[in-house]
file protein20.txt (compact mmCIF, C-alpha atoms and all ligand atoms)
# COMPACT_ATOMS: atom_id res chain seq x y z
CA LEU A 1 20.78 7.48 10.69
CA ILE A 2 18.61 10.42 11.55
CA VAL A 3 14.90 9.85 11.18
CA THR A 4 12.45 12.51 12.36
CA TYR A 5 9.51 11.47 10.17
CA LEU A 6 8.39 8.57 8.01
CA ARG A 7 6.39 8.57 4.82
CA SER A 8 5.61 5.85 2.32
CA SER A 9 8.48 6.82 0.00
CA SER A 10 11.05 7.04 2.82
CA LEU A 11 10.08 3.57 4.10
CA ASN A 12 10.39 2.10 0.61
CA CYS A 13 13.65 3.93 0.11
CA PHE A 14 15.28 2.65 3.32
CA TYR A 15 14.30 -0.96 2.69
CA GLY A 16 15.41 -0.68 -0.95
CA CYS A 17 18.85 0.89 -0.36
CA GLU A 18 20.11 2.41 2.89
CA THR A 19 22.54 4.70 1.04
CA ASP A 20 19.67 6.03 -1.06
CA TYR A 21 17.78 6.80 2.18
CA PHE A 22 20.82 8.56 3.67
CA ILE A 23 21.40 10.71 0.58
CA THR A 24 17.71 11.49 0.02
CA TYR A 25 16.20 11.85 3.49
CA VAL A 26 19.15 12.74 5.72
CA LEU A 27 21.32 14.81 3.37
CA GLY A 28 18.29 16.08 1.46
CA HIS A 29 19.35 15.49 -2.16
CA ARG A 30 16.15 14.76 -4.10
CA GLY A 31 16.49 13.33 -7.58
CA LYS A 32 14.37 14.43 -10.51
CA SER A 33 11.35 12.32 -11.48
CA GLY A 34 11.72 9.61 -14.09
CA LEU A 35 9.28 9.35 -16.98
CA ALA A 36 7.19 6.54 -15.46
CA ALA A 37 6.65 8.52 -12.25
CA ALA A 38 5.85 11.72 -14.16
CA LYS A 39 3.23 9.93 -16.30
CA GLY A 40 1.73 8.42 -13.15
CA ASN A 41 1.58 11.88 -11.58
CA ALA A 42 -0.28 13.22 -14.62
CA VAL A 43 -2.89 10.43 -14.35
CA HIS A 44 -3.24 11.09 -10.60
CA LYS A 45 -3.72 14.80 -11.22
CA ALA A 46 -6.42 14.15 -13.83
CA MET A 47 -8.25 11.80 -11.43
CA GLU A 48 -7.89 14.30 -8.60
CA THR A 49 -9.37 17.10 -10.73
CA LEU A 50 -12.36 14.90 -11.62
CA ALA A 51 -12.78 14.06 -7.94
CA TRP A 52 -12.91 17.79 -7.14
CA LYS A 53 -15.58 18.18 -9.83
CA SER A 54 -17.60 15.39 -8.22
CA LYS A 55 -17.29 16.91 -4.75
CA MET A 56 -18.12 20.45 -5.93
CA THR A 57 -21.09 19.24 -7.99
CA ARG A 58 -22.53 17.35 -5.02
CA GLU A 59 -22.06 20.42 -2.81
CA GLY A 60 -23.66 22.79 -5.36
CA VAL A 61 -20.47 24.78 -5.92
CA PHE A 62 -20.03 26.23 -9.44
CA GLU A 63 -16.47 27.57 -9.27
CA TYR A 64 -13.45 26.82 -7.11
CA GLU A 65 -9.74 27.57 -6.87
CA ASP A 66 -7.60 24.58 -7.84
CA GLU A 67 -4.15 24.64 -6.24
CA THR A 68 -2.54 23.73 -9.59
CA PHE A 69 -4.81 25.19 -12.27
CA GLY A 70 -6.16 28.28 -10.48
CA PRO A 71 -9.86 29.28 -10.75
CA LEU A 72 -11.99 26.61 -12.47
CA VAL A 73 -15.63 26.49 -13.57
CA VAL A 74 -16.91 23.10 -12.43
CA ALA A 75 -19.13 22.56 -15.51
CA ASP A 76 -16.11 23.03 -17.81
CA ILE A 77 -14.16 20.13 -16.28
CA THR A 78 -14.45 17.03 -18.47
CA PRO A 79 -12.22 13.93 -18.56
CA GLU A 80 -10.63 15.19 -21.81
CA TRP A 81 -9.94 18.60 -20.29
CA ALA A 82 -8.56 17.11 -17.06
CA ILE A 83 -6.21 14.71 -18.88
CA GLN A 84 -4.89 17.40 -21.22
CA ALA A 85 -4.44 19.97 -18.45
CA ALA A 86 -2.72 17.49 -16.13
CA TYR A 87 -0.45 16.24 -18.91
CA ASP A 88 0.50 19.77 -20.01
CA TYR A 89 1.25 20.69 -16.42
CA TYR A 90 3.69 17.80 -15.93
CA VAL A 91 5.33 18.35 -19.33
CA LYS A 92 6.01 21.91 -18.16
CA ILE A 93 7.35 21.17 -14.68
CA GLU A 94 9.28 18.00 -15.66
CA ASP A 95 10.95 19.61 -18.66
CA HIS A 96 14.11 17.50 -18.24
CA LEU A 97 12.16 14.51 -19.63
CA ASP A 98 11.88 13.55 -23.28
CA TRP A 99 8.07 13.68 -23.69
CA ASN A 100 6.38 12.59 -26.90
CA ALA A 101 2.87 11.94 -28.25
CA THR A 102 2.92 8.29 -27.12
CA HIS A 103 3.20 9.41 -23.52
CA PHE A 104 0.06 11.50 -23.82
CA LYS A 105 -1.77 8.54 -25.37
CA GLU A 106 -0.71 6.33 -22.46
CA CYS A 107 -1.82 8.85 -19.83
CA ARG A 108 -5.15 9.25 -21.60
CA GLU A 109 -5.66 5.48 -21.90
CA TRP A 110 -4.82 4.81 -18.23
CA THR A 111 -7.10 7.60 -17.00
CA TYR A 112 -10.01 6.25 -19.06
CA LYS A 113 -9.29 2.73 -17.79
CA ALA A 114 -9.54 3.98 -14.21
CA LEU A 115 -12.76 5.81 -15.07
CA ASN A 116 -14.50 3.16 -17.17
CA ASP A 117 -13.27 -0.29 -16.12
CA TRP A 118 -14.98 -2.22 -13.32
CA GLY A 119 -18.36 -0.84 -14.40
CA GLY A 120 -17.28 2.77 -13.83
CA TYR A 121 -17.13 2.17 -10.06
CA PHE A 122 -13.93 4.24 -9.71
CA ASP A 123 -15.14 7.19 -11.77
CA PRO A 124 -15.26 9.94 -9.09
CA MET A 125 -18.50 11.25 -10.63
CA ASN A 126 -20.10 7.96 -9.54
CA GLN A 127 -18.74 8.25 -6.00
CA ILE A 128 -19.49 10.27 -2.87
CA VAL A 129 -16.17 12.08 -2.59
CA VAL A 130 -15.24 12.98 0.99
CA GLU A 131 -11.83 14.42 0.10
CA PRO A 132 -9.92 14.17 -3.21
CA GLU A 133 -6.55 14.19 -1.46
CA VAL A 134 -6.14 13.74 2.27
CA LYS A 135 -2.84 15.20 3.40
CA PHE A 136 -1.57 14.14 6.81
CA ASP A 137 1.41 15.42 8.77
CA PHE A 138 1.46 14.79 12.51
CA VAL A 139 3.66 13.48 15.28
CA ILE A 140 3.18 10.31 17.31
CA GLU A 141 3.32 11.39 20.92
CA GLU A 142 4.23 8.00 22.38
CA ASP A 143 7.31 7.11 24.39
CA TRP A 144 8.55 4.74 21.70
CA ALA A 145 8.45 7.58 19.14
CA ARG A 146 10.65 9.99 21.09
CA TYR A 147 14.08 10.80 19.64
CA THR A 148 17.22 12.73 20.48
CA TYR A 149 20.00 13.16 17.93
CA GLU A 150 23.38 14.80 17.93
CA THR A 151 23.78 16.72 14.68
CA PRO A 152 26.54 18.96 13.32
CA GLN A 153 24.37 21.84 14.58
CA GLY A 154 23.78 20.50 18.07
CA PRO A 155 21.28 18.11 19.63
CA ILE A 156 17.67 17.90 18.46
CA GLU A 157 14.77 16.11 20.08
CA GLY A 158 11.11 15.45 19.43
CA PHE A 159 8.62 12.76 18.41
CA LEU A 160 8.54 10.79 15.20
CA GLY A 161 6.22 12.34 12.60
CA ILE A 162 4.31 10.68 9.77
CA LYS A 163 3.47 12.39 6.51
CA GLY A 164 1.72 11.56 3.28
CA THR A 165 -1.17 12.15 0.92
CA THR A 166 -3.82 9.59 0.09
CA ASP A 167 -5.27 9.74 -3.43
CA LEU A 168 -8.99 9.74 -2.65
CA VAL A 169 -11.38 9.11 0.24
CA VAL A 170 -15.01 8.33 -0.61
CA ALA A 171 -18.06 7.41 1.48
CA ASP A 172 -19.97 4.20 0.85
CA LYS A 173 -23.35 4.84 -0.81
CA MET A 174 -25.22 2.43 1.47
CA ASP A 175 -23.38 3.15 4.71
CA THR A 176 -21.95 6.66 5.10
CA ASN A 177 -20.16 5.49 8.25
CA LEU A 178 -17.92 3.45 5.96
CA LEU A 179 -15.10 5.24 4.14
CA GLU A 180 -13.01 3.84 1.31
CA CYS A 181 -9.46 5.05 0.73
CA VAL A 182 -8.54 4.56 -2.94
CA ASP A 183 -4.92 4.53 -4.08
CA TYR A 184 -4.28 4.49 -7.84
CA LYS A 185 -1.22 2.69 -9.21
CA THR A 186 -0.13 3.14 -12.80
CA GLY A 187 3.08 1.13 -12.37
CA ARG A 188 3.67 -2.59 -12.13
CA GLN A 189 1.73 -4.81 -9.77
CA SER A 190 4.93 -5.89 -8.04
CA ASP A 191 7.10 -4.81 -5.14
CA PHE A 192 9.70 -2.34 -6.45
CA ASN A 193 12.36 -3.60 -4.02
CA THR A 194 11.85 -7.36 -4.48
CA GLY A 195 10.15 -7.68 -7.85
CA ILE A 196 7.59 -10.07 -6.26
CA GLU A 197 4.03 -9.70 -7.56
CA LYS A 198 1.61 -8.19 -5.08
CA ASP A 199 -1.52 -10.12 -4.15
CA TYR A 200 -4.13 -9.98 -1.40
CA TRP A 201 -1.85 -11.78 1.02
CA SER A 202 1.02 -9.30 0.66
CA LEU A 203 -1.23 -6.23 0.42
CA TRP A 204 -2.72 -6.91 3.84
CA HIS A 205 0.80 -6.19 5.16
CA ASP A 206 1.75 -3.48 2.65
CA LYS A 207 3.69 -0.67 4.37
CA GLN A 208 2.03 2.12 2.40
CA LEU A 209 -1.51 0.85 3.07
CA LEU A 210 -0.73 0.31 6.76
CA LEU A 211 0.72 3.83 7.06
CA TYR A 212 -2.31 5.37 5.32
CA TYR A 213 -4.70 3.39 7.47
CA TYR A 214 -2.87 4.45 10.63
CA ALA A 215 -3.21 8.12 9.60
CA LEU A 216 -6.86 7.82 8.46
CA ARG A 217 -7.88 6.09 11.69
CA ARG A 218 -6.59 9.12 13.56
CA LEU A 219 -8.24 11.59 11.17
CA PHE A 220 -11.60 9.74 11.05
CA PRO A 221 -11.75 7.94 14.43
CA ASP A 222 -15.51 7.22 14.23
CA LYS A 223 -15.47 5.62 10.77
CA ALA A 224 -14.87 2.14 9.45
CA ILE A 225 -12.24 2.29 6.68
CA MET A 226 -11.74 0.09 3.65
CA MET A 227 -8.34 0.28 1.96
CA THR A 228 -8.41 -0.13 -1.82
CA ILE A 229 -5.48 -0.26 -4.20
CA LEU A 230 -6.29 0.05 -7.88
CA PHE A 231 -3.67 -1.27 -10.32
CA VAL A 232 -5.00 0.58 -13.33
CA LYS A 233 -3.11 -1.43 -15.97
CA PHE A 234 -3.42 -4.86 -14.38
CA ASP A 235 -5.81 -6.92 -12.26
CA GLY A 236 -7.62 -3.86 -10.99
CA PRO A 237 -8.82 -3.25 -7.45
CA PHE A 238 -7.82 -5.05 -4.28
CA ARG A 239 -10.25 -3.99 -1.52
CA MET A 240 -9.54 -4.78 2.13
CA MET A 241 -11.49 -3.95 5.26
CA PHE A 242 -8.78 -2.93 7.73
CA GLY A 243 -9.45 -2.85 11.48
CA ASP A 244 -7.83 -2.98 14.93
CA GLU A 245 -5.42 -5.73 13.91
CA GLN A 246 -4.04 -3.64 11.01
CA TYR A 247 -3.86 -0.54 13.22
CA ALA A 248 -1.67 -2.46 15.67
CA GLU A 249 0.38 -3.89 12.80
CA ALA A 250 0.84 -0.37 11.37
CA GLU A 251 2.15 0.95 14.69
CA ALA A 252 4.48 -2.03 15.07
CA MET A 253 5.72 -1.52 11.49
CA LEU A 254 6.43 2.17 12.15
CA LYS A 255 8.21 1.42 15.41
CA LYS A 256 10.34 -1.27 13.79
CA ALA A 257 11.32 1.01 10.90
CA PHE A 258 12.05 3.88 13.31
CA ASP A 259 14.29 1.62 15.44
CA GLU A 260 16.06 0.06 12.46
CA ILE A 261 16.81 3.38 10.77
CA ARG A 262 18.05 4.95 14.02
CA ALA A 263 20.25 1.93 14.76
CA ASN A 264 21.89 2.12 11.32
CA GLU A 265 25.32 3.71 11.80
CA ARG A 266 26.68 3.12 8.32
CA PRO A 267 24.27 2.78 5.41
CA GLY A 268 24.77 -0.21 3.14
CA ARG A 269 24.34 -0.38 -0.61
CA VAL A 270 21.45 -1.84 -2.55
CA PRO A 271 21.42 -5.70 -2.37
CA SER A 272 23.49 -7.22 -5.17
CA ASN A 273 20.47 -8.87 -6.84
CA MET A 274 18.93 -5.41 -7.23
CA ALA A 275 22.13 -3.62 -8.31
CA PHE A 276 20.57 -2.80 -11.69
CA LYS A 277 18.71 -0.03 -9.82
CA CYS A 278 21.98 1.93 -9.51
CA LYS A 279 22.15 2.29 -13.24
CA TYR A 280 18.53 2.39 -14.29
CA THR A 281 16.29 3.78 -11.58
CA CYS A 282 18.28 5.47 -8.81
CA ALA A 283 18.56 9.26 -8.99
CA HIS A 284 21.95 9.06 -7.25
CA GLY A 285 23.44 6.44 -9.58
CA GLN A 286 24.31 6.86 -13.23
CA LYS A 287 21.48 9.33 -13.73
CA GLY A 288 22.68 11.67 -10.99
CA PRO A 289 25.09 14.59 -11.44
CA ILE A 290 28.58 13.28 -12.15
CA VAL A 291 31.54 15.21 -10.71
CA ASP A 292 35.11 14.15 -11.59
CA GLY A 293 33.68 10.97 -13.13
CA LYS A 294 31.84 10.02 -9.93
CA THR A 295 28.12 9.79 -9.29
CA ARG A 296 26.59 11.43 -6.24
CA CYS A 297 26.34 8.00 -4.63
CA GLU A 298 30.08 7.38 -5.14
CA ILE A 299 30.97 10.85 -3.83
CA ILE A 300 28.94 10.31 -0.64
CA ARG A 301 30.22 6.77 -0.06
CA ASP A 302 33.82 7.97 -0.52
CA SER A 303 33.12 10.77 1.93
CA ILE A 304 31.71 8.40 4.57
CA TYR A 305 34.78 6.19 4.14
CA THR A 306 37.31 9.01 4.40
CA ILE A 307 35.80 11.50 6.87
CA GLY A 308 32.95 9.57 8.57
CA MET A 309 29.19 10.03 8.90
CA ASP A 310 29.07 13.23 10.97
CA ALA A 311 31.53 15.12 8.80
CA THR A 312 29.73 13.87 5.67
CA MET A 313 26.46 15.26 7.03
CA ALA A 314 28.13 18.58 7.75
CA LYS A 315 29.82 18.73 4.37
CA HIS A 316 27.11 17.39 2.05
CA GLY A 317 23.82 17.99 3.87
CA ILE A 318 21.44 20.53 2.37
CA PRO A 319 20.17 23.21 4.79
CA GLY A 320 16.63 22.33 5.95
CA ALA A 321 17.09 18.73 4.91
CA PHE A 322 14.84 17.36 7.59
CA GLY A 323 12.10 18.74 9.81
CA GLN A 324 12.27 18.73 13.58
CA TYR A 325 9.20 17.71 15.53
CA GLY A 326 9.36 19.28 18.96
CA SER A 327 8.41 17.68 22.22
CA GLY A 328 5.27 19.82 22.47
CA GLY A 329 3.84 18.14 19.39
CA GLY A 330 3.51 19.61 15.94
CA ARG A 331 6.12 20.73 13.54
CA GLN A 332 8.23 23.42 15.10
CA SER A 333 11.25 24.28 13.07
CA GLU A 334 13.52 23.21 10.29
CA VAL A 335 16.97 21.96 11.16
CA THR A 336 19.77 22.90 8.83
CA LEU A 337 22.71 20.70 8.15
CA GLY A 338 26.02 22.16 7.16
CA VAL A 339 26.77 23.27 3.62
CA SER A 340 25.62 21.88 0.35
CA ASP A 341 28.08 20.19 -1.96
S1 LIG B 1 23.30 4.27 -6.83
FE1 LIG B 1 22.81 2.22 -6.02
S2 LIG B 1 23.93 2.03 -4.06
FE2 LIG B 1 23.88 4.23 -4.66
S3 LIG B 1 22.14 5.11 -3.61
FE3 LIG B 1 21.43 4.46 -5.63
S4 LIG B 1 20.63 2.36 -5.40
FE4 LIG B 1 21.88 2.84 -3.58

call {"tool": "encode", "arguments": {"input": "protein20.txt", "output": "structure tokens"}}
result
Amino acid sequence: LIVTYLRSSSLNCFYGCETDYFITYVLGHRGKSGLAAAKGNAVHKAMETLAWKSKMTREGVFEYEDETFGPLVVADITPEWAIQAAYDYYVKIEDHLDWNATHFKECREWTYKALNDWGGYFDPMNQIVVEPEVKFDFVIEEDWARYTYETPQGPIEGFLGIKGTTDLVVADKMDTNLLECVDYKTGRQSDFNTGIEKDYWSLWHDKQLLLYYYALRRLFPDKAIMMTILFVKFDGPFRMMFGDEQYAEAEAMLKKAFDEIRANERPGRVPSNMAFKCKYTCAHGQKGPIVDGKTRCEIIRDSIYTIGMDATMAKHGIPGAFGQYGSGGGRQSEVTLGVSD
């Protein structure tokens, strides 16, 4: 399979179902958000807006331009306003979902839990906000990260990229050389692919936290970094002081995933004990567009079986499905893949 970049969702996707990875990240068919994800996004947006208020207040800024809401007066931003604005925004852009008043109540309750539980520690107004959202998108210029692929449009080459956005980075009040990366979770406190509950032991090896730490170490090379995951509805925060050992583990994890995805010549289906995902959670299963009685997943699997991987990429890949990272470093151009189905 072609892999030019990794992000938390693509890693989870590949290890959850290889066919899902192929359809989503190689062919470029993105499914629409489910309700749980959309509610989580609304809570994240409310927390992000309050983090911007905290940062602007500390810096003495009275107005700023929010990338979602446009110009905002900092003094007008309250938790109630942020929750309502974030909720309204997601109701508007995720209009395929069946929203109702209970969903707003849940988003409001979870946001206030994040703000008020644990003595208000995670209320951004009580924190020294370094950056409300840290976006990262860079290539790993190491020999192990170099790739060359044959595609329906000719060969491509470059270095593996990593991409993502952390929820919040704050500075410690006692030691400004110490940063804390906070990731909010409004879902279950269990691994989506295995159903196993997450605890300190598993979180030390969590792919998302390792990926974020790897990126933050490169963005803030002089800082010590604590990784915190906040399960808003459950046990609350898990806080871990990552260091050299986790940096090495993160690089090994990325290399292993890169090698395993590249070596995969024919994507398999979701493991049988997780087959319920096809019907209930996968955007390419029962919830996907159905043509001639077949789901997108069935159409693609039939195509692989009858015409092979390369021809399936040419026939069903969406133009610009994946980005090419050139050998000079940095994102250089989009690669297009055949025609859309
Ligand atoms: S429908 Fe099932 S097998 Fe198909 S991509 Fe989704 S999870 Fe994988």

call {"tool": "atom_distance", "arguments": {"input": "protein20.txt", "atom1": "atom CA of A:Trp99", "atom2": "atom CA of A:Val43"}}
result
14.8 Å

call {"tool": "closest_residue", "arguments": {"input": "protein20.txt", "among": "A:Thr24, A:Gln189, A:Asn100, A:Ser54", "to": "ligand LIG 1 (chain B)", "atoms": "all atoms listed in the file"}}
result
A:Thr24

call {"tool": "axis_aligned_box", "arguments": {"input": "protein20.txt", "around": "stretch 33-37 of chain A", "padding_each_side": "3 Å", "output": "AutoDock Vina command-line options"}}
result
--center_x 9.2 --center_y 9.4 --center_z -14.2 --size_x 11.1 --size_y 11.8 --size_z 11.5

call {"tool": "residues_around", "arguments": {"input": "protein20.txt", "residues": "A:Gln208", "least_positions_apart": "5", "cutoff": "10 Å", "atoms": "all atoms listed in the file", "output": "MDAnalysis selection string"}}
result
chainID A and resid 7:9 11:12 164 166 183 203 213:214 250

call {"tool": "residues_near_ligand", "arguments": {"input": "protein20.txt", "ligand": "ligand LIG 1 (chain B)", "cutoff": "6 Å", "atoms": "only C-alpha atoms and all ligand atoms", "output": "PyMOL selection string"}}
result
chain A and resi 17+19-20+269-270+277-278+282+284-285+297

call {"tool": "residues_around", "arguments": {"input": "protein20.txt", "residues": "A:Glu63", "least_positions_apart": "6", "cutoff": "8 Å", "atoms": "all atoms listed in the file", "output": "PyMOL selection string"}}
result
chain A and resi 71-74

call {"tool": "write_last_selection", "arguments": {"input": "protein20.txt", "atoms": "C-alpha atoms", "output": "compact mmCIF listing (two decimals), in the coordinates of the input"}}
result
# COMPACT_ATOMS: atom_id res chain seq x y z
CA PRO A 71 -9.86 29.28 -10.75
CA LEU A 72 -11.99 26.61 -12.47
CA VAL A 73 -15.63 26.49 -13.57
CA VAL A 74 -16.91 23.10 -12.43

call {"tool": "residues_around", "arguments": {"input": "protein20.txt", "residues": "A:His96", "least_positions_apart": "3", "cutoff": "12 Å", "atoms": "all atoms listed in the file", "output": "VMD selection string"}}
result
chain A and resid 31 to 35 38 90 to 93 99 287

call {"tool": "atom_distance", "arguments": {"input": "protein20.txt", "atom1": "atom CA of A:Asn177", "atom2": "atom CA of A:Thr57"}}
result
21.3 Å

call {"tool": "atom_distance", "arguments": {"input": "protein20.txt", "atom1": "atom CA of A:Leu27", "atom2": "atom CA of A:Trp144"}}
result
24.5 Å

call {"tool": "closest_residue", "arguments": {"input": "protein20.txt", "among": "A:Glu249, A:Glu131, A:Glu65, A:Asp259", "to": "A:Leu160", "atoms": "all atoms listed in the file"}}
result
A:Asp259

call {"tool": "residues_around", "arguments": {"input": "protein20.txt", "residues": "A:Met174", "least_positions_apart": "5", "cutoff": "12 Å", "atoms": "only C-alpha atoms", "output": "list of chain:residue names"}}
result
A:Gln127, A:Ile128, A:Leu179

call {"tool": "residues_near_point", "arguments": {"input": "protein20.txt", "point": "(31.0, 3.0, 4.8)", "cutoff": "10 Å", "atoms": "only C-alpha atoms", "output": "MDAnalysis selection string"}}
result
chainID A and resid 19 265:269 300:309

call {"tool": "closest_residue", "arguments": {"input": "protein20.txt", "among": "A:Met226, A:Gly16, A:Leu178, A:Asp88", "to": "A:Asn273", "atoms": "all atoms listed in the file"}}
result
A:Gly16

call {"tool": "build_atoms", "arguments": {"input": "protein20.txt", "residues": "stretch 208-227 of chain A", "atoms": "N, CA, C and O atoms", "output": "PDB file, in the coordinates of the input"}}
result
ATOM      1  N   GLN A 208       2.732   0.884   2.770  1.00  0.00           N
ATOM      2  CA  GLN A 208       2.030   2.120   2.400  1.00  0.00           C
ATOM      3  C   GLN A 208       0.571   2.066   2.884  1.00  0.00           C
ATOM      4  O   GLN A 208       0.072   3.027   3.476  1.00  0.00           O
ATOM      5  N   LEU A 209      -0.108   0.953   2.656  1.00  0.00           N
ATOM      6  CA  LEU A 209      -1.510   0.850   3.070  1.00  0.00           C
ATOM      7  C   LEU A 209      -1.628   0.908   4.590  1.00  0.00           C
ATOM      8  O   LEU A 209      -2.551   1.532   5.127  1.00  0.00           O
ATOM      9  N   LEU A 210      -0.687   0.266   5.287  1.00  0.00           N
ATOM     10  CA  LEU A 210      -0.730   0.310   6.760  1.00  0.00           C
ATOM     11  C   LEU A 210      -0.511   1.739   7.262  1.00  0.00           C
ATOM     12  O   LEU A 210      -1.210   2.207   8.163  1.00  0.00           O
ATOM     13  N   LEU A 211       0.452   2.436   6.657  1.00  0.00           N
ATOM     14  CA  LEU A 211       0.720   3.830   7.060  1.00  0.00           C
ATOM     15  C   LEU A 211      -0.510   4.703   6.815  1.00  0.00           C
ATOM     16  O   LEU A 211      -0.919   5.491   7.690  1.00  0.00           O
ATOM     17  N   TYR A 212      -1.120   4.568   5.642  1.00  0.00           N
ATOM     18  CA  TYR A 212      -2.310   5.370   5.320  1.00  0.00           C
ATOM     19  C   TYR A 212      -3.454   5.038   6.284  1.00  0.00           C
ATOM     20  O   TYR A 212      -4.179   5.930   6.725  1.00  0.00           O
ATOM     21  N   TYR A 213      -3.611   3.765   6.564  1.00  0.00           N
ATOM     22  CA  TYR A 213      -4.700   3.390   7.470  1.00  0.00           C
ATOM     23  C   TYR A 213      -4.469   3.974   8.863  1.00  0.00           C
ATOM     24  O   TYR A 213      -5.393   4.483   9.509  1.00  0.00           O
ATOM     25  N   TYR A 214      -3.234   3.908   9.313  1.00  0.00           N
ATOM     26  CA  TYR A 214      -2.870   4.450  10.630  1.00  0.00           C
ATOM     27  C   TYR A 214      -3.241   5.940  10.694  1.00  0.00           C
ATOM     28  O   TYR A 214      -3.825   6.417  11.674  1.00  0.00           O
ATOM     29  N   ALA A 215      -2.912   6.677   9.638  1.00  0.00           N
ATOM     30  CA  ALA A 215      -3.210   8.120   9.600  1.00  0.00           C
ATOM     31  C   ALA A 215      -4.720   8.356   9.508  1.00  0.00           C
ATOM     32  O   ALA A 215      -5.263   9.207  10.218  1.00  0.00           O
ATOM     33  N   LEU A 216      -5.420   7.598   8.646  1.00  0.00           N
ATOM     34  CA  LEU A 216      -6.860   7.820   8.460  1.00  0.00           C
ATOM     35  C   LEU A 216      -7.641   7.477   9.722  1.00  0.00           C
ATOM     36  O   LEU A 216      -8.644   8.117  10.047  1.00  0.00           O
ATOM     37  N   ARG A 217      -7.196   6.445  10.440  1.00  0.00           N
ATOM     38  CA  ARG A 217      -7.880   6.090  11.690  1.00  0.00           C
ATOM     39  C   ARG A 217      -7.822   7.246  12.689  1.00  0.00           C
ATOM     40  O   ARG A 217      -8.733   7.476  13.467  1.00  0.00           O
ATOM     41  N   ARG A 218      -6.704   7.972  12.653  1.00  0.00           N
ATOM     42  CA  ARG A 218      -6.590   9.120  13.560  1.00  0.00           C
ATOM     43  C   ARG A 218      -7.393  10.311  13.052  1.00  0.00           C
ATOM     44  O   ARG A 218      -7.910  11.086  13.848  1.00  0.00           O
ATOM     45  N   LEU A 219      -7.493  10.456  11.739  1.00  0.00           N
ATOM     46  CA  LEU A 219      -8.240  11.590  11.170  1.00  0.00           C
ATOM     47  C   LEU A 219      -9.747  11.350  11.201  1.00  0.00           C
ATOM     48  O   LEU A 219     -10.523  12.288  11.317  1.00  0.00           O
ATOM     49  N   PHE A 220     -10.168  10.084  11.063  1.00  0.00           N
ATOM     50  CA  PHE A 220     -11.600   9.740  11.050  1.00  0.00           C
ATOM     51  C   PHE A 220     -11.845   8.651  12.090  1.00  0.00           C
ATOM     52  O   PHE A 220     -12.141   7.494  11.750  1.00  0.00           O
ATOM     53  N   PRO A 221     -11.709   8.990  13.391  1.00  0.00           N
ATOM     54  CA  PRO A 221     -11.750   7.940  14.430  1.00  0.00           C
ATOM     55  C   PRO A 221     -13.102   7.226  14.542  1.00  0.00           C
ATOM     56  O   PRO A 221     -13.145   6.104  15.052  1.00  0.00           O
ATOM     57  N   ASP A 222     -14.182   7.844  14.069  1.00  0.00           N
ATOM     58  CA  ASP A 222     -15.510   7.220  14.230  1.00  0.00           C
ATOM     59  C   ASP A 222     -15.920   6.373  13.028  1.00  0.00           C
ATOM     60  O   ASP A 222     -17.024   5.840  13.006  1.00  0.00           O
ATOM     61  N   LYS A 223     -15.079   6.295  12.013  1.00  0.00           N
ATOM     62  CA  LYS A 223     -15.470   5.620  10.770  1.00  0.00           C
ATOM     63  C   LYS A 223     -14.796   4.261  10.620  1.00  0.00           C
ATOM     64  O   LYS A 223     -13.676   4.055  11.080  1.00  0.00           O
ATOM     65  N   ALA A 224     -15.506   3.375   9.922  1.00  0.00           N
ATOM     66  CA  ALA A 224     -14.870   2.140   9.450  1.00  0.00           C
ATOM     67  C   ALA A 224     -14.178   2.486   8.128  1.00  0.00           C
ATOM     68  O   ALA A 224     -14.693   3.315   7.361  1.00  0.00           O
ATOM     69  N   ILE A 225     -13.020   1.883   7.866  1.00  0.00           N
ATOM     70  CA  ILE A 225     -12.240   2.290   6.680  1.00  0.00           C
ATOM     71  C   ILE A 225     -11.815   1.076   5.860  1.00  0.00           C
ATOM     72  O   ILE A 225     -11.174   0.154   6.377  1.00  0.00           O
ATOM     73  N   MET A 226     -12.189   1.119   4.593  1.00  0.00           N
ATOM     74  CA  MET A 226     -11.740   0.090   3.650  1.00  0.00           C
ATOM     75  C   MET A 226     -10.553   0.650   2.875  1.00  0.00           C
ATOM     76  O   MET A 226     -10.582   1.800   2.438  1.00  0.00           O
ATOM     77  N   MET A 227      -9.517  -0.156   2.712  1.00  0.00           N
ATOM     78  CA  MET A 227      -8.340   0.280   1.960  1.00  0.00           C
ATOM     79  C   MET A 227      -8.375  -0.400   0.589  1.00  0.00           C
ATOM     80  O   MET A 227      -8.443  -1.638   0.507  1.00  0.00           O
TER      81      MET A 227
END
